[in-house]
Amino acid sequence: MSLEEVTVGPPPLCEWIEPALREIAGQDPLGLQTITTDRILPGLLPGVLALSVRARYFSVYSFLLRHYARSGAVADNAGLDEFMRQREFEICVAANLCPRCDAPSVIGNGVGRPLAASRPGAYERQRSIKTQLGGYGLYYRGPMEELGLVVRRGQAMVGDTPNPIDLLQKTPRAQQLADLYERSIAGTQWYLKWMNGVDPVPAEVLEELGHVGCLCRLDEHPDERSAIADVFLLSPSPERVEPTKHRQRAFALLLDLATDEPTVLESDSSFRHAVVSTFTTSPLDTDAAGEARARWAAVVMRESAQDPLASIWTSFCRAGMAAQPFEGLTSAELDDLVRTRLVAAGVVDFGSTTITCTPDTPCAVWFEDLRQATADLSWEDIREAAEDTGDALTGLAAFLVLCARVPDGDAASAAWAEVARVDGDRQPGLARMATLVQRRLHLQASVAETLRWAIDNFIVSVHETVAMRKLPDSTFRFFWEHGRLCFVDNGVWGFDMSGLRRAALASLASDLGWWTRDDADRPGVTDSGRAVISKVFAR
């Protein structure tokens, strides 16, 4: 073997760099969900997030925050992060070892559940999840702040400097939660010997913790349960009286609806149906219960009317991807796509009724047929028909019918209008959406022209704006370029409704003993739940 010197060439003209755009799918391509989740629900349901679903975590985290502050450890959120995530992991394993439940909604289940199932003799110390401050930071810190339990880092002063770490409030309500959880686990080996260590934790130590500290054991600690209930139902300060009232009414509304229709405790669909149907029987009521129904009906109506747009979105994206030439579609070619692919056979089914049209059928004539065919169907029936069928024409039909059902200002209470008038940055709220649709129905437009109008106004222009604001993350499914609409293969699917945090409300209410299941597994409101209804709605 011989060696030969290699001649080094000139430097390259350019170097490889990271791409300027990173293609991701995005979660809200039409800017619809943000109106509900960011603008409406924080006012209707402050202190409850979609994933802050277990009541006992509020006392668990109160205890952990105070314990860390008293431990003499480094007073910063980096130290708190390590402590919090390790304790979350241990509590997760303890819950999975609890013989009473299957540990639903326990933070760290992705790591802790399979480990617990393997039944080792001891558990190595590790973190619950990857997110900083764990489930506390991700799901519970915001609610605990709203409920007057914690002070975030930098939100208060320690001498002349901002507090460098999240702290438990020194108020009686916050300290009581920490006291009561600490009392419940005070006799365990985990609390006495293992909580602050670094060695692997013996399985029997976490099994013992699960028998008293599991999230499912709150009913065995009535003082702790009562204290958590008070945190949700009582205002932490004079400034939070109004938000507390809305939170009280949300719990009371769910329980009140469940006294007549227990399935609202289990089903978003049943909840939406019950809210709208009870509101429409008395839309002008102004007592506490009437105002709660009105506000929640407005947000349910808005979500129900927007959901058919998801059917139009998915059908439009798929049809565009299939039909476009290399350089995209001109406006005239888009018109043809709407006529031949989206309206196509012109068949819509609602229940047992079939309504037909052609692309050139006057929309006013078609709409009248739709209105008669859906007269006996509920809001939820119509929304579900669009969701189940998933085609653009059924989506347009449901969208038009539901928008036409939206009450005008004189037919509903001020509480309803307050929510119905909430607009987003790029999408109209319920009231303005209904007005736009009703104006459109008075024009002499065909079905195809109306579908193209809906696509232009609620799909194309909005999506381009939403995606543009997310650059350099590219979430585009299509964009206009040189007079042509170019479709991008970046994933096409519908988007889920927000759920209105019903599941979180129901889970918290169950933990607090306001409803339970009988021997046949049927849900039902308890005496304490009925007491909440009576107190909040003054019955």
# chains A, B, ... in the order shown; residues from 1 in each chain; ligands from 1
>>> closest_atom_pairs(of="stretch 49-124 of chain A", to="stretch 220-232 of chain A", cutoff="9 Å", atoms="only C-alpha atoms", output="JSON lines")
{"residue": "A:Ala55", "atom": "CA", "partner": "A:Ile228", "partner_atom": "CA", "distance": 7.0}
{"residue": "A:Arg56", "atom": "CA", "partner": "A:Ile228", "partner_atom": "CA", "distance": 7.7}
{"residue": "A:Phe58", "atom": "CA", "partner": "A:Ile228", "partner_atom": "CA", "distance": 7.2}
{"residue": "A:Ser59", "atom": "CA", "partner": "A:Ile228", "partner_atom": "CA", "distance": 7.3}
>>> select_by_dssp(residues="stretch 14-93 of chain A", states="alpha helix (DSSP H)", output="MDAnalysis selection string")
chainID A and resid 33:34 41:44 57:70 77:93
>>> closest_atom_pairs(of="stretch 207-321 of chain A", to="stretch 459-472 of chain A", cutoff="10 Å", atoms="only C-alpha atoms", output="tab-separated table")
residue	atom	partner	partner_atom	distance
A:Leu309	CA	A:Ile459	CA	7.9
A:Ala310	CA	A:Ile459	CA	9.2
A:Ile312	CA	A:Ile459	CA	8.3
A:Trp313	CA	A:Ile459	CA	6.6
A:Phe316	CA	A:Ile459	CA	9.0
A:Cys317	CA	A:Ile459	CA	9.9
>>> atom_distance(atom1="atom CA of A:Asp38", atom2="atom CA of A:Ala250")
17.0 Å
>>> residues_around(residues="stretch 93-98 of chain A", least_positions_apart="5", cutoff="9 Å", atoms="only C-alpha atoms", output="ChimeraX atom specification")
/A:88,103-104,106,108-109,111-113,115-117,123,203,205-216
>>> closest_atom_pairs(of="stretch 214-307 of chain A", to="stretch 412-430 of chain A", cutoff="10 Å", atoms="only C-alpha atoms", output="Markdown table")
| residue | atom | partner | partner_atom | distance |
| --- | --- | --- | --- | --- |
| A:Phe279 | CA | A:Ala412 | CA | 9.2 |
| A:Thr280 | CA | A:Ala412 | CA | 8.7 |
| A:Ser282 | CA | A:Ala412 | CA | 8.6 |
| A:Pro283 | CA | A:Ala412 | CA | 4.9 |
| A:Leu284 | CA | A:Ser413 | CA | 4.6 |
| A:Asp285 | CA | A:Ser413 | CA | 6.8 |
| A:Thr286 | CA | A:Ser413 | CA | 6.9 |
| A:Gly290 | CA | A:Ala415 | CA | 8.7 |
| A:Glu291 | CA | A:Ala415 | CA | 5.6 |
| A:Ala292 | CA | A:Ala415 | CA | 8.0 |
| A:Arg293 | CA | A:Trp416 | CA | 8.3 |
| A:Ala294 | CA | A:Trp416 | CA | 4.6 |
| A:Arg295 | CA | A:Trp416 | CA | 4.8 |
| A:Trp296 | CA | A:Trp416 | CA | 7.9 |
| A:Ala297 | CA | A:Trp416 | CA | 7.2 |
| A:Ala298 | CA | A:Ala420 | CA | 5.3 |
| A:Val299 | CA | A:Val419 | CA | 6.7 |
| A:Val300 | CA | A:Leu430 | CA | 9.7 |
| A:Met301 | CA | A:Leu430 | CA | 7.3 |
| A:Arg302 | CA | A:Leu430 | CA | 5.0 |
| A:Glu303 | CA | A:Leu430 | CA | 8.5 |
| A:Ser304 | CA | A:Leu430 | CA | 9.9 |
| A:Ala305 | CA | A:Leu430 | CA | 7.9 |
| A:Gln306 | CA | A:Leu430 | CA | 8.7 |
>>> atom_distance(atom1="atom CA of A:Arg247", atom2="atom CA of A:Ala178")
22.7 Å
>>> residues_around(residues="A:Leu168", least_positions_apart="4", cutoff="12 Å", atoms="only C-alpha atoms", output="ChimeraX atom specification")
/A:58-70,141,144-145,147-153,156,163,172-179
>>> residues_around(residues="A:Val347", least_positions_apart="6", cutoff="12 Å", atoms="only C-alpha atoms", output="ChimeraX atom specification")
/A:353-359,366,370,389,391-397,447
>>> write_last_selection(atoms="N, CA and C atoms", output="PDB file, in the first residue's frame")
ATOM      1  N   THR A 353     -83.951  12.058   4.937  1.00  0.00           N
ATOM      2  CA  THR A 353     -84.321  12.930   3.827  1.00  0.00           C
ATOM      3  C   THR A 353     -83.115  13.220   2.949  1.00  0.00           C
ATOM      4  N   THR A 354     -83.299  13.099   1.643  1.00  0.00           N
ATOM      5  CA  THR A 354     -82.267  13.418   0.670  1.00  0.00           C
ATOM      6  C   THR A 354     -82.660  14.676  -0.081  1.00  0.00           C
ATOM      7  N   ILE A 355     -81.738  15.631  -0.161  1.00  0.00           N
ATOM      8  CA  ILE A 355     -81.970  16.876  -0.870  1.00  0.00           C
ATOM      9  C   ILE A 355     -80.968  16.944  -2.010  1.00  0.00           C
ATOM     10  N   THR A 356     -81.442  17.235  -3.211  1.00  0.00           N
ATOM     11  CA  THR A 356     -80.570  17.277  -4.374  1.00  0.00           C
ATOM     12  C   THR A 356     -80.501  18.685  -4.947  1.00  0.00           C
ATOM     13  N   CYS A 357     -79.431  18.932  -5.694  1.00  0.00           N
ATOM     14  CA  CYS A 357     -79.268  20.205  -6.386  1.00  0.00           C
ATOM     15  C   CYS A 357     -78.266  20.002  -7.515  1.00  0.00           C
ATOM     16  N   THR A 358     -78.137  21.007  -8.352  1.00  0.00           N
ATOM     17  CA  THR A 358     -77.068  21.071  -9.344  1.00  0.00           C
ATOM     18  C   THR A 358     -76.186  22.258  -8.989  1.00  0.00           C
ATOM     19  N   PRO A 359     -75.030  22.379  -9.610  1.00  0.00           N
ATOM     20  CA  PRO A 359     -74.205  23.559  -9.321  1.00  0.00           C
ATOM     21  C   PRO A 359     -74.930  24.872  -9.602  1.00  0.00           C
ATOM     22  N   TRP A 366     -82.468  25.961  -2.906  1.00  0.00           N
ATOM     23  CA  TRP A 366     -81.847  24.817  -2.240  1.00  0.00           C
ATOM     24  C   TRP A 366     -81.919  24.973  -0.726  1.00  0.00           C
ATOM     25  N   LEU A 370     -83.476  22.615   2.274  1.00  0.00           N
ATOM     26  CA  LEU A 370     -82.678  22.189   3.420  1.00  0.00           C
ATOM     27  C   LEU A 370     -83.375  22.529   4.730  1.00  0.00           C
ATOM     28  N   THR A 389     -70.599  12.731   7.266  1.00  0.00           N
ATOM     29  CA  THR A 389     -70.485  12.652   5.805  1.00  0.00           C
ATOM     30  C   THR A 389     -69.137  13.164   5.337  1.00  0.00           C
ATOM     31  N   ASP A 391     -68.228  15.636   3.430  1.00  0.00           N
ATOM     32  CA  ASP A 391     -68.031  16.224   2.098  1.00  0.00           C
ATOM     33  C   ASP A 391     -68.369  17.711   2.121  1.00  0.00           C
ATOM     34  N   ALA A 392     -67.892  18.431   1.129  1.00  0.00           N
ATOM     35  CA  ALA A 392     -68.020  19.888   1.118  1.00  0.00           C
ATOM     36  C   ALA A 392     -69.468  20.341   0.990  1.00  0.00           C
ATOM     37  N   LEU A 393     -70.273  19.658   0.187  1.00  0.00           N
ATOM     38  CA  LEU A 393     -71.648  20.106  -0.022  1.00  0.00           C
ATOM     39  C   LEU A 393     -72.479  19.942   1.243  1.00  0.00           C
ATOM     40  N   THR A 394     -72.324  18.814   1.947  1.00  0.00           N
ATOM     41  CA  THR A 394     -73.028  18.637   3.222  1.00  0.00           C
ATOM     42  C   THR A 394     -72.523  19.645   4.245  1.00  0.00           C
ATOM     43  N   GLY A 395     -71.220  19.907   4.218  1.00  0.00           N
ATOM     44  CA  GLY A 395     -70.680  20.927   5.103  1.00  0.00           C
ATOM     45  C   GLY A 395     -71.299  22.282   4.849  1.00  0.00           C
ATOM     46  N   LEU A 396     -71.436  22.671   3.578  1.00  0.00           N
ATOM     47  CA  LEU A 396     -72.069  23.954   3.249  1.00  0.00           C
ATOM     48  C   LEU A 396     -73.519  23.963   3.692  1.00  0.00           C
ATOM     49  N   ALA A 397     -74.243  22.863   3.455  1.00  0.00           N
ATOM     50  CA  ALA A 397     -75.649  22.796   3.844  1.00  0.00           C
ATOM     51  C   ALA A 397     -75.813  22.981   5.346  1.00  0.00           C
ATOM     52  N   VAL A 447     -75.764  27.514  -6.035  1.00  0.00           N
ATOM     53  CA  VAL A 447     -75.127  26.688  -5.011  1.00  0.00           C
ATOM     54  C   VAL A 447     -73.610  26.716  -5.186  1.00  0.00           C
TER      55      VAL A 447
END
>>> closest_residue(among="A:Arg501, A:Arg100, A:Arg125, A:Arg341", to="A:Phe271", atoms="only C-alpha atoms")
A:Arg501
>>> atom_distance(atom1="atom CA of A:Gln438", atom2="atom CA of A:Ala344")
24.3 Å
>>> select_by_dssp(residues="stretch 294-471 of chain A", states="strand (DSSP E or B)", output="PyMOL selection string")
chain A and resi 329+347-350+353-356+362+446
>>> closest_residue(among="A:Leu334, A:Val48, A:Leu218, A:Val536", to="A:Trp453", atoms="only C-alpha atoms")
A:Leu334
>>> closest_residue(among="A:Thr450, A:Thr475, A:Ser507, A:Gln169", to="A:Ala25", atoms="only C-alpha atoms")
A:Thr475
>>> residues_around(residues="A:Cys403", least_positions_apart="3", cutoff="8 Å", atoms="only C-alpha atoms", output="list of chain:residue names")
A:Ala305, A:Phe399, A:Leu400, A:Val406, A:Met433, A:Ala434, A:Val437, A:Gln438
>>> residues_around(residues="stretch 484-486 of chain A", least_positions_apart="2", cutoff="12 Å", atoms="only C-alpha atoms", output="compact mmCIF listing (two decimals) with all heavy atoms, in the first residue's frame")
# COMPACT_ATOMS: atom_id res chain seq x y z
N PHE A 316 -62.02 20.33 0.14
CA PHE A 316 -61.37 21.28 -0.76
C PHE A 316 -59.89 20.97 -0.91
O PHE A 316 -59.35 20.96 -2.03
CB PHE A 316 -61.57 22.70 -0.21
CG PHE A 316 -60.88 23.77 -1.00
CD1 PHE A 316 -61.26 24.05 -2.30
CD2 PHE A 316 -59.85 24.50 -0.43
CE1 PHE A 316 -60.61 25.04 -3.03
CE2 PHE A 316 -59.20 25.50 -1.15
CZ PHE A 316 -59.58 25.78 -2.46
N CYS A 317 -59.20 20.70 0.19
CA CYS A 317 -57.77 20.39 0.12
C CYS A 317 -57.51 19.12 -0.67
O CYS A 317 -56.61 19.07 -1.52
CB CYS A 317 -57.20 20.26 1.52
SG CYS A 317 -57.05 21.80 2.44
N GLY A 320 -58.29 19.73 -4.38
CA GLY A 320 -57.27 20.57 -4.99
C GLY A 320 -55.98 19.82 -5.24
O GLY A 320 -55.35 19.97 -6.29
N MET A 321 -55.56 19.00 -4.27
CA MET A 321 -54.35 18.20 -4.44
C MET A 321 -54.48 17.25 -5.63
O MET A 321 -53.54 17.03 -6.38
CB MET A 321 -54.06 17.42 -3.17
CG MET A 321 -53.49 18.24 -2.03
SD MET A 321 -51.81 18.83 -2.35
CE MET A 321 -50.94 17.28 -2.53
N ALA A 322 -55.67 16.67 -5.78
CA ALA A 322 -55.88 15.70 -6.85
C ALA A 322 -56.00 16.36 -8.22
O ALA A 322 -55.60 15.77 -9.23
CB ALA A 322 -57.14 14.88 -6.56
N ALA A 323 -56.51 17.59 -8.25
CA ALA A 323 -56.84 18.20 -9.53
C ALA A 323 -55.77 19.13 -10.07
O ALA A 323 -55.70 19.36 -11.29
CB ALA A 323 -58.16 18.97 -9.41
N GLN A 324 -54.92 19.68 -9.22
CA GLN A 324 -54.04 20.74 -9.69
C GLN A 324 -52.96 20.23 -10.63
O GLN A 324 -52.38 19.17 -10.42
CB GLN A 324 -53.40 21.46 -8.52
CG GLN A 324 -52.29 20.70 -7.80
CD GLN A 324 -51.55 21.57 -6.80
OE1 GLN A 324 -51.66 22.78 -6.83
NE2 GLN A 324 -50.80 20.94 -5.91
N PRO A 325 -52.67 21.00 -11.69
CA PRO A 325 -51.47 20.73 -12.49
C PRO A 325 -50.24 21.21 -11.71
O PRO A 325 -50.36 21.74 -10.61
CB PRO A 325 -51.70 21.58 -13.75
CG PRO A 325 -52.61 22.68 -13.31
CD PRO A 325 -53.47 22.10 -12.22
N PHE A 326 -49.08 21.06 -12.31
CA PHE A 326 -47.84 21.38 -11.62
C PHE A 326 -47.81 22.82 -11.13
O PHE A 326 -47.33 23.11 -10.02
CB PHE A 326 -46.65 21.14 -12.56
CG PHE A 326 -45.33 21.52 -11.96
CD1 PHE A 326 -44.70 20.72 -11.02
CD2 PHE A 326 -44.70 22.72 -12.33
CE1 PHE A 326 -43.49 21.08 -10.47
CE2 PHE A 326 -43.49 23.09 -11.77
CZ PHE A 326 -42.87 22.27 -10.85
N GLU A 327 -48.36 23.74 -11.91
CA GLU A 327 -48.25 25.16 -11.57
C GLU A 327 -49.41 25.67 -10.75
O GLU A 327 -49.50 26.86 -10.46
CB GLU A 327 -48.11 26.00 -12.85
CG GLU A 327 -49.36 26.02 -13.73
CD GLU A 327 -49.43 24.86 -14.70
OE1 GLU A 327 -48.74 23.84 -14.48
OE2 GLU A 327 -50.16 24.99 -15.70
N GLY A 328 -50.35 24.80 -10.32
CA GLY A 328 -51.48 25.24 -9.52
C GLY A 328 -52.70 25.55 -10.35
O GLY A 328 -52.74 25.35 -11.57
N LEU A 329 -53.76 26.05 -9.69
CA LEU A 329 -55.06 26.27 -10.33
C LEU A 329 -55.36 27.75 -10.47
O LEU A 329 -55.16 28.52 -9.52
CB LEU A 329 -56.17 25.61 -9.50
CG LEU A 329 -56.09 24.08 -9.34
CD1 LEU A 329 -57.08 23.63 -8.28
CD2 LEU A 329 -56.39 23.39 -10.67
N THR A 330 -55.86 28.13 -11.62
CA THR A 330 -56.34 29.50 -11.80
C THR A 330 -57.69 29.66 -11.11
O THR A 330 -58.32 28.67 -10.70
CB THR A 330 -56.50 29.83 -13.29
OG1 THR A 330 -57.55 29.00 -13.82
CG2 THR A 330 -55.21 29.60 -14.05
N SER A 331 -58.15 30.89 -11.01
CA SER A 331 -59.45 31.12 -10.39
C SER A 331 -60.56 30.43 -11.16
O SER A 331 -61.48 29.86 -10.57
CB SER A 331 -59.72 32.62 -10.29
OG SER A 331 -60.95 32.87 -9.65
N ALA A 332 -60.47 30.46 -12.49
CA ALA A 332 -61.49 29.78 -13.30
C ALA A 332 -61.45 28.28 -13.08
O ALA A 332 -62.49 27.61 -13.03
CB ALA A 332 -61.28 30.11 -14.78
N GLU A 333 -60.24 27.73 -12.94
CA GLU A 333 -60.13 26.29 -12.68
C GLU A 333 -60.65 25.94 -11.29
O GLU A 333 -61.19 24.84 -11.09
CB GLU A 333 -58.67 25.86 -12.84
CG GLU A 333 -58.21 25.88 -14.28
CD GLU A 333 -56.71 25.70 -14.43
OE1 GLU A 333 -55.97 26.04 -13.49
OE2 GLU A 333 -56.28 25.21 -15.50
N LEU A 334 -60.53 26.87 -10.33
CA LEU A 334 -61.11 26.65 -9.02
C LEU A 334 -62.63 26.60 -9.12
O LEU A 334 -63.29 25.79 -8.45
CB LEU A 334 -60.69 27.74 -8.04
CG LEU A 334 -59.31 27.60 -7.40
CD1 LEU A 334 -59.03 28.79 -6.50
CD2 LEU A 334 -59.22 26.31 -6.59
N ASP A 335 -63.21 27.49 -9.92
CA ASP A 335 -64.66 27.45 -10.13
C ASP A 335 -65.07 26.08 -10.67
O ASP A 335 -66.08 25.50 -10.22
CB ASP A 335 -65.09 28.54 -11.11
CG ASP A 335 -65.12 29.92 -10.48
OD1 ASP A 335 -65.25 30.00 -9.25
OD2 ASP A 335 -65.02 30.91 -11.22
N LEU A 337 -63.46 23.27 -10.30
CA LEU A 337 -63.27 22.27 -9.24
C LEU A 337 -64.47 22.26 -8.29
O LEU A 337 -64.95 21.20 -7.88
CB LEU A 337 -61.98 22.57 -8.48
CG LEU A 337 -61.63 21.64 -7.32
CD1 LEU A 337 -60.12 21.40 -7.27
CD2 LEU A 337 -62.07 22.23 -5.98
N ASP A 456 -63.71 31.01 -0.34
CA ASP A 456 -62.88 32.22 -0.42
C ASP A 456 -62.81 32.94 0.92
O ASP A 456 -61.73 33.41 1.33
CB ASP A 456 -63.44 33.17 -1.48
CG ASP A 456 -63.17 32.70 -2.90
OD1 ASP A 456 -62.31 31.81 -3.08
OD2 ASP A 456 -63.83 33.20 -3.83
N VAL A 460 -59.77 29.95 2.23
CA VAL A 460 -58.54 30.31 1.54
C VAL A 460 -57.87 31.54 2.15
O VAL A 460 -56.71 31.50 2.56
CB VAL A 460 -58.80 30.51 0.04
CG1 VAL A 460 -57.53 31.05 -0.64
CG2 VAL A 460 -59.21 29.20 -0.61
N SER A 461 -58.59 32.66 2.17
CA SER A 461 -57.96 33.90 2.65
C SER A 461 -57.53 33.78 4.10
O SER A 461 -56.47 34.28 4.49
CB SER A 461 -58.92 35.08 2.46
OG SER A 461 -60.11 34.88 3.23
N GLU A 464 -54.33 31.39 4.47
CA GLU A 464 -53.09 32.05 4.05
C GLU A 464 -52.58 33.01 5.12
O GLU A 464 -51.39 33.06 5.42
CB GLU A 464 -53.33 32.81 2.74
CG GLU A 464 -53.28 31.95 1.51
CD GLU A 464 -53.11 32.80 0.27
OE1 GLU A 464 -54.03 33.57 -0.05
OE2 GLU A 464 -52.06 32.69 -0.38
N PHE A 476 -48.59 25.89 5.54
CA PHE A 476 -49.43 26.10 4.36
C PHE A 476 -49.94 24.78 3.81
O PHE A 476 -49.20 23.81 3.66
CB PHE A 476 -48.64 26.82 3.26
CG PHE A 476 -48.37 28.27 3.55
CD1 PHE A 476 -47.16 28.66 4.09
CD2 PHE A 476 -49.32 29.23 3.26
CE1 PHE A 476 -46.89 29.98 4.35
CE2 PHE A 476 -49.06 30.57 3.53
CZ PHE A 476 -47.84 30.95 4.07
N ARG A 477 -51.24 24.74 3.48
CA ARG A 477 -51.80 23.68 2.65
C ARG A 477 -52.03 24.17 1.24
O ARG A 477 -52.19 23.37 0.33
CB ARG A 477 -53.13 23.18 3.20
CG ARG A 477 -53.22 22.57 4.59
CD ARG A 477 -52.03 21.86 5.12
NE ARG A 477 -52.39 21.01 6.25
CZ ARG A 477 -52.45 21.43 7.51
NH1 ARG A 477 -52.13 22.68 7.81
NH2 ARG A 477 -52.79 20.60 8.47
N PHE A 478 -52.06 25.47 1.07
CA PHE A 478 -52.17 26.10 -0.26
C PHE A 478 -51.80 27.57 -0.12
O PHE A 478 -51.79 28.12 0.99
CB PHE A 478 -53.58 25.95 -0.84
CG PHE A 478 -54.69 26.26 0.13
CD1 PHE A 478 -54.98 27.56 0.51
CD2 PHE A 478 -55.44 25.24 0.70
CE1 PHE A 478 -56.00 27.84 1.41
CE2 PHE A 478 -56.45 25.51 1.61
CZ PHE A 478 -56.73 26.81 1.97
N PHE A 479 -51.48 28.20 -1.24
CA PHE A 479 -51.17 29.64 -1.25
C PHE A 479 -51.31 30.15 -2.69
O PHE A 479 -51.11 29.41 -3.66
CB PHE A 479 -49.75 29.91 -0.73
CG PHE A 479 -48.67 29.15 -1.43
CD1 PHE A 479 -48.08 29.64 -2.60
CD2 PHE A 479 -48.25 27.92 -0.95
CE1 PHE A 479 -47.09 28.92 -3.25
CE2 PHE A 479 -47.26 27.20 -1.59
CZ PHE A 479 -46.68 27.71 -2.75
N TRP A 480 -51.66 31.41 -2.82
CA TRP A 480 -51.76 32.06 -4.13
C TRP A 480 -50.37 32.48 -4.58
O TRP A 480 -49.60 33.07 -3.81
CB TRP A 480 -52.65 33.29 -4.08
CG TRP A 480 -54.12 32.99 -4.06
CD1 TRP A 480 -54.96 33.09 -3.01
CD2 TRP A 480 -54.92 32.58 -5.18
NE1 TRP A 480 -56.25 32.74 -3.38
CE2 TRP A 480 -56.25 32.43 -4.72
CE3 TRP A 480 -54.65 32.31 -6.52
CZ2 TRP A 480 -57.30 32.03 -5.54
CZ3 TRP A 480 -55.69 31.91 -7.35
CH2 TRP A 480 -56.99 31.76 -6.86
N GLU A 481 -50.04 32.19 -5.83
CA GLU A 481 -48.77 32.61 -6.40
C GLU A 481 -48.96 32.84 -7.89
O GLU A 481 -49.37 31.93 -8.63
CB GLU A 481 -47.69 31.56 -6.16
CG GLU A 481 -46.29 32.00 -6.57
CD GLU A 481 -45.23 31.01 -6.15
OE1 GLU A 481 -45.30 29.85 -6.58
OE2 GLU A 481 -44.34 31.41 -5.36
N HIS A 482 -48.69 34.09 -8.32
CA HIS A 482 -48.83 34.46 -9.73
C HIS A 482 -50.22 34.12 -10.27
O HIS A 482 -50.38 33.60 -11.38
CB HIS A 482 -47.76 33.77 -10.59
CG HIS A 482 -46.36 34.04 -10.14
ND1 HIS A 482 -45.84 35.32 -10.03
CD2 HIS A 482 -45.36 33.21 -9.73
CE1 HIS A 482 -44.59 35.26 -9.60
NE2 HIS A 482 -44.28 34.00 -9.39
N VAL A 488 -50.32 22.30 -1.27
CA VAL A 488 -49.12 21.71 -0.69
C VAL A 488 -49.51 20.43 0.04
O VAL A 488 -50.49 20.41 0.80
CB VAL A 488 -48.46 22.69 0.30
CG1 VAL A 488 -47.21 22.06 0.92
CG2 VAL A 488 -48.11 24.00 -0.39
N ASP A 489 -48.74 19.38 -0.17
CA ASP A 489 -49.01 18.11 0.51
C ASP A 489 -48.39 18.17 1.90
O ASP A 489 -47.31 17.65 2.15
CB ASP A 489 -48.44 16.95 -0.30
CG ASP A 489 -48.89 15.60 0.26
OD1 ASP A 489 -49.67 15.59 1.22
OD2 ASP A 489 -48.44 14.57 -0.27
